[in-house]
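Below is one structure, written out as structure tokens; comments come after it.
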Amino acid sequence: MGLVDCMYLILYHPAIVTYISPELYIDRHDIWLQTLARYKALISPAPDFAYGLCLARIKDAEMDGLDLSHWRFALNGAEPIDVGVLERFTARFARWGFRAEAFTPVYGLAEAGLAVTFSDPWAPPRVTEFDREGLAERGEAALGKGRRLPALGRPLPDIGVEIRDAEDRPLPEDRVGRIVIRGPSVTPGYYDDSGLTAQTIRHGWLDTGDLGFFHERELYISGRAKDLIILRGRNYAPQEIEELLAGLRGLRTGCAVAVGHVVDGLGEQLFVLAEKDIRVDMPEADLAAEIRARILSGMGLAPHRVEVLAPGTLPRTSSGKLRRRDALGLYLSGRLVPPKKMGLLQVAKGLGRSQIAWARFRLRKKPPLSRP
């Protein structure tokens, strides 16, 4: 998102682009909004968890004198979008000029060169509530109670998006299926992996692995096909279970995964792995009990096991997405442990190596040839 939405953009529309190192952002969560206000930035994309961190970590006093009214496109993508985060972020930071219509939920993936659909950048995010059982049991997106999902907009020009069933047949609007895409920016295959290419790309259409549907011509994501949990013959998207835990006291924002695992004699069972918020003085047993209660009251499911973990334990992709299956595998093998803490000296050494590498790169660059 940072490369295509920001760096490549200024090749077409010259402007100032500002990057913040991950180390600095981790140390100072307020620096993102501080920088936005300082440069009167127009565009800044981020995954959903970054907006959640602002809510959890930034104090009102750190926002004194800041103006976010110039922030016109707050793109939100790269991972499932929490409707509650959208609403709470808008409500809280409106005091400093942030506008609801700045939030722009989007859908994209690396295989498409990033963007696939964009929501209306001139209107507040559209949120629709669908019947939970209709989505899970019948694959129908009917209005009702249960799951509030953000619309991700319509396909970009020249990008084809279809919803397909298990037999690869196109589905009509309001029917849940696999999302497939094609277009000039979509990859023709995976490097040196003909097997994965044949499995994923069929007749020019790329299977994203995501489950979703169109409702009133806009795309909604309901889950990932490979992450589906099957309990007593019913399909559950892990996202709908994880959504029930949003805002739970003692739980790190966006740091819980729901996974299914076959237990001998019991069939597939629900496992929940969740990171605790160390800033909240709450016994792990109490947090586990709260997680069980939320899931039981929200969906009528009783988790077979709830494991409370130290912060930073759950594995993520390079873009920050939680790796559910990897987390379960590590947990079952006893290797799901928190990362080693880095001291100030280690951080300083890492930053130093980065600066030295950059300096060597600059020194290797040859000066442009001068005209005679």
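Ligands are numbered from 1 in the order shown, chains are lettered A, B, ... in the order of the structure tokens, and residues start at 1 in each chain.
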Residues within 10 Å of range 13-30 of chain A, please, as a short mmCIF file (atom, residue, chain, number, x, y, z; two decimals) with N, CA and C atoms, in the first residue's frame. Count only C-alpha atoms; anything in the same chain fewer than 5 positions from it doesn't count.
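Here's the written file selection-v4.cif:
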data_model
loop_
_atom_site.label_atom_id
_atom_site.label_comp_id
_atom_site.auth_asym_id
_atom_site.auth_seq_id
_atom_site.Cartn_x
_atom_site.Cartn_y
_atom_site.Cartn_z
N GLY A 2 1.93 1.21 0.80
CA GLY A 2 2.80 2.37 0.84
C GLY A 2 3.56 2.57 -0.46
N CYS A 6 1.52 5.45 -2.53
CA CYS A 6 2.26 6.68 -2.21
C CYS A 6 3.47 6.89 -3.14
N MET A 7 4.42 5.96 -3.09
CA MET A 7 5.65 6.17 -3.86
C MET A 7 5.38 6.24 -5.36
N TYR A 8 4.60 5.29 -5.89
CA TYR A 8 4.33 5.31 -7.33
C TYR A 8 3.46 6.49 -7.71
N THR A 35 2.70 13.63 12.05
CA THR A 35 3.29 13.89 10.73
C THR A 35 2.22 14.29 9.72
N LEU A 36 1.05 13.65 9.78
CA LEU A 36 -0.06 14.01 8.91
C LEU A 36 -0.41 15.49 9.08
N TYR A 39 2.55 18.04 7.79
CA TYR A 39 2.70 18.21 6.35
C TYR A 39 1.37 18.45 5.64
N ALA A 41 -1.02 16.43 5.11
CA ALA A 41 -1.06 15.34 4.14
C ALA A 41 -2.47 15.10 3.61
N ILE A 43 -3.16 12.12 1.54
CA ILE A 43 -3.38 10.68 1.45
C ILE A 43 -2.47 9.96 2.44
N SER A 44 -3.03 8.99 3.14
CA SER A 44 -2.21 8.12 3.98
C SER A 44 -2.94 6.80 4.16
N ALA A 50 -3.66 -0.34 12.46
CA ALA A 50 -2.99 0.94 12.73
C ALA A 50 -3.97 1.96 13.29
N LEU A 53 -4.64 1.00 16.85
CA LEU A 53 -3.57 1.39 17.76
C LEU A 53 -3.68 2.86 18.15
N CYS A 54 -4.09 3.70 17.20
CA CYS A 54 -4.28 5.12 17.53
C CYS A 54 -5.32 5.28 18.64
N LEU A 55 -6.40 4.52 18.54
CA LEU A 55 -7.45 4.59 19.56
C LEU A 55 -6.94 4.12 20.92
N ALA A 56 -6.12 3.06 20.90
CA ALA A 56 -5.70 2.46 22.15
C ALA A 56 -4.52 3.18 22.80
N ARG A 57 -3.65 3.76 21.99
CA ARG A 57 -2.37 4.25 22.55
C ARG A 57 -2.24 5.77 22.62
N ILE A 58 -2.92 6.51 21.75
CA ILE A 58 -2.71 7.96 21.71
C ILE A 58 -3.58 8.65 22.75
N LYS A 59 -2.95 9.50 23.52
CA LYS A 59 -3.66 10.27 24.55
C LYS A 59 -4.13 11.60 23.95
N GLU A 62 -1.65 14.39 23.52
CA GLU A 62 -0.70 14.29 22.42
C GLU A 62 -1.26 14.85 21.12
N MET A 63 -2.57 15.14 21.12
CA MET A 63 -3.22 15.68 19.92
C MET A 63 -3.38 17.20 19.98
N VAL A 347 18.28 -2.51 19.24
CA VAL A 347 17.55 -1.61 18.34
C VAL A 347 18.52 -0.63 17.69
N GLY A 350 20.51 -2.31 15.02
CA GLY A 350 19.70 -2.52 13.82
C GLY A 350 19.56 -1.25 13.01
N LEU A 351 19.29 -0.15 13.69
CA LEU A 351 19.16 1.13 13.00
C LEU A 351 20.49 1.54 12.38
#
**OP:** Quick one: everything within 10 Å of Gln269 in chain A, counting only C-alpha atoms, minus sequence neighbours fewer than 5 positions away in the same chain. Send it as a PyMOL selection string.
**Re:** chain A and resi 229-232+259-264+301-305
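Across A:Phe73, A:Glu290, A:Ala110, A:Pro155, the tightest approach to Ala123 in chain A is made by A:Phe73 when counting only C-alpha atoms.
The spacing separating CA of Gly153 in chain A from CA of Val106 in chain A amounts to 7.0 Å.
Once range 180-182 of chain A and its same-chain neighbours fewer than 5 positions away are set aside, Ile159, Gly160, Val161, Glu162, Ile163, Gly204, Trp205, Leu206, Asp207 and Thr208 of chain A remain within 7 Å of it when counting only C-alpha atoms.
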Original post:
as a PyMOL selection string, which residues of range 96-218 of chain A does DSSP assign to helix (DSSP H, G or I)?
Top reply: chain A and resi 96+100-102+110-112+132-138+194-200
Subject >> Residue list (strand (DSSP E), DSSP) for range 176-261 of chain A, as a PyMOL selection string >> reply: chain A and resi 177-182+201-202+205-215+218-224+229-231+234-236+251-261
Put those residues in a file: C-alpha atoms, as a PDB file, in the first residue's frame.
ATOM      1  CA  GLY A 177     -18.723 -17.449  -2.961  1.00  0.00           C
ATOM      2  CA  ARG A 178     -15.063 -17.271  -3.870  1.00  0.00           C
ATOM      3  CA  ILE A 179     -13.823 -13.967  -5.251  1.00  0.00           C
ATOM      4  CA  VAL A 180     -12.018 -14.262  -8.600  1.00  0.00           C
ATOM      5  CA  ILE A 181     -10.426 -11.394 -10.516  1.00  0.00           C
ATOM      6  CA  ARG A 182      -8.805 -10.628 -13.863  1.00  0.00           C
ATOM      7  CA  ILE A 201      -5.342 -19.173 -12.076  1.00  0.00           C
ATOM      8  CA  ARG A 202      -7.944 -20.687 -14.384  1.00  0.00           C
ATOM      9  CA  TRP A 205      -9.154 -15.601 -13.676  1.00  0.00           C
ATOM     10  CA  LEU A 206      -7.207 -15.548 -10.407  1.00  0.00           C
ATOM     11  CA  ASP A 207      -8.819 -17.155  -7.361  1.00  0.00           C
ATOM     12  CA  THR A 208      -8.067 -14.782  -4.480  1.00  0.00           C
ATOM     13  CA  GLY A 209      -8.958 -17.310  -1.775  1.00  0.00           C
ATOM     14  CA  ASP A 210     -11.309 -14.737  -0.252  1.00  0.00           C
ATOM     15  CA  LEU A 211     -15.016 -15.293   0.279  1.00  0.00           C
ATOM     16  CA  GLY A 212     -17.433 -12.479  -0.434  1.00  0.00           C
ATOM     17  CA  PHE A 213     -20.458 -11.201  -2.308  1.00  0.00           C
ATOM     18  CA  PHE A 214     -21.852  -8.210  -4.144  1.00  0.00           C
ATOM     19  CA  HIS A 215     -24.655  -6.248  -2.544  1.00  0.00           C
ATOM     20  CA  GLU A 218     -20.549  -3.149  -4.063  1.00  0.00           C
ATOM     21  CA  LEU A 219     -18.142  -5.830  -2.839  1.00  0.00           C
ATOM     22  CA  TYR A 220     -18.224  -7.225   0.710  1.00  0.00           C
ATOM     23  CA  ILE A 221     -15.695  -9.672   2.189  1.00  0.00           C
ATOM     24  CA  SER A 222     -17.051 -12.362   4.499  1.00  0.00           C
ATOM     25  CA  GLY A 223     -13.943 -14.498   5.132  1.00  0.00           C
ATOM     26  CA  ARG A 224     -11.149 -16.665   3.759  1.00  0.00           C
ATOM     27  CA  ILE A 229     -14.200 -23.522  10.574  1.00  0.00           C
ATOM     28  CA  ILE A 230     -16.711 -26.376  10.301  1.00  0.00           C
ATOM     29  CA  LEU A 231     -18.519 -27.145  13.562  1.00  0.00           C
ATOM     30  CA  ARG A 234     -22.004 -25.605   9.851  1.00  0.00           C
ATOM     31  CA  ASN A 235     -19.465 -23.260   8.294  1.00  0.00           C
ATOM     32  CA  TYR A 236     -18.082 -20.352  10.294  1.00  0.00           C
ATOM     33  CA  LEU A 251      -7.391  -8.112  25.025  1.00  0.00           C
ATOM     34  CA  ARG A 252      -4.995  -6.482  22.574  1.00  0.00           C
ATOM     35  CA  THR A 253      -6.853  -4.846  19.705  1.00  0.00           C
ATOM     36  CA  GLY A 254      -7.010  -7.132  16.670  1.00  0.00           C
ATOM     37  CA  CYS A 255      -4.829  -9.782  18.304  1.00  0.00           C
ATOM     38  CA  ALA A 256      -7.052 -12.853  18.540  1.00  0.00           C
ATOM     39  CA  VAL A 257      -7.536 -15.731  16.110  1.00  0.00           C
ATOM     40  CA  ALA A 258     -10.246 -18.365  15.891  1.00  0.00           C
ATOM     41  CA  VAL A 259      -9.226 -21.667  14.315  1.00  0.00           C
ATOM     42  CA  GLY A 260     -10.717 -25.119  13.919  1.00  0.00           C
ATOM     43  CA  HIS A 261      -8.853 -28.296  14.856  1.00  0.00           C
TER      44      HIS A 261
END
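Using only C-alpha atoms, the shortest contact distance between Ala246 in chain A and any of A:Gly183, A:Gly97, A:Gly84, A:Pro339 is found at A:Gly84.
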**OP:** Tell me which of A:Arg154, A:Ala102, A:Arg126, A:Leu244 sits closest to Ser297 in chain A, counting only C-alpha atoms.
**Re:** A:Leu244
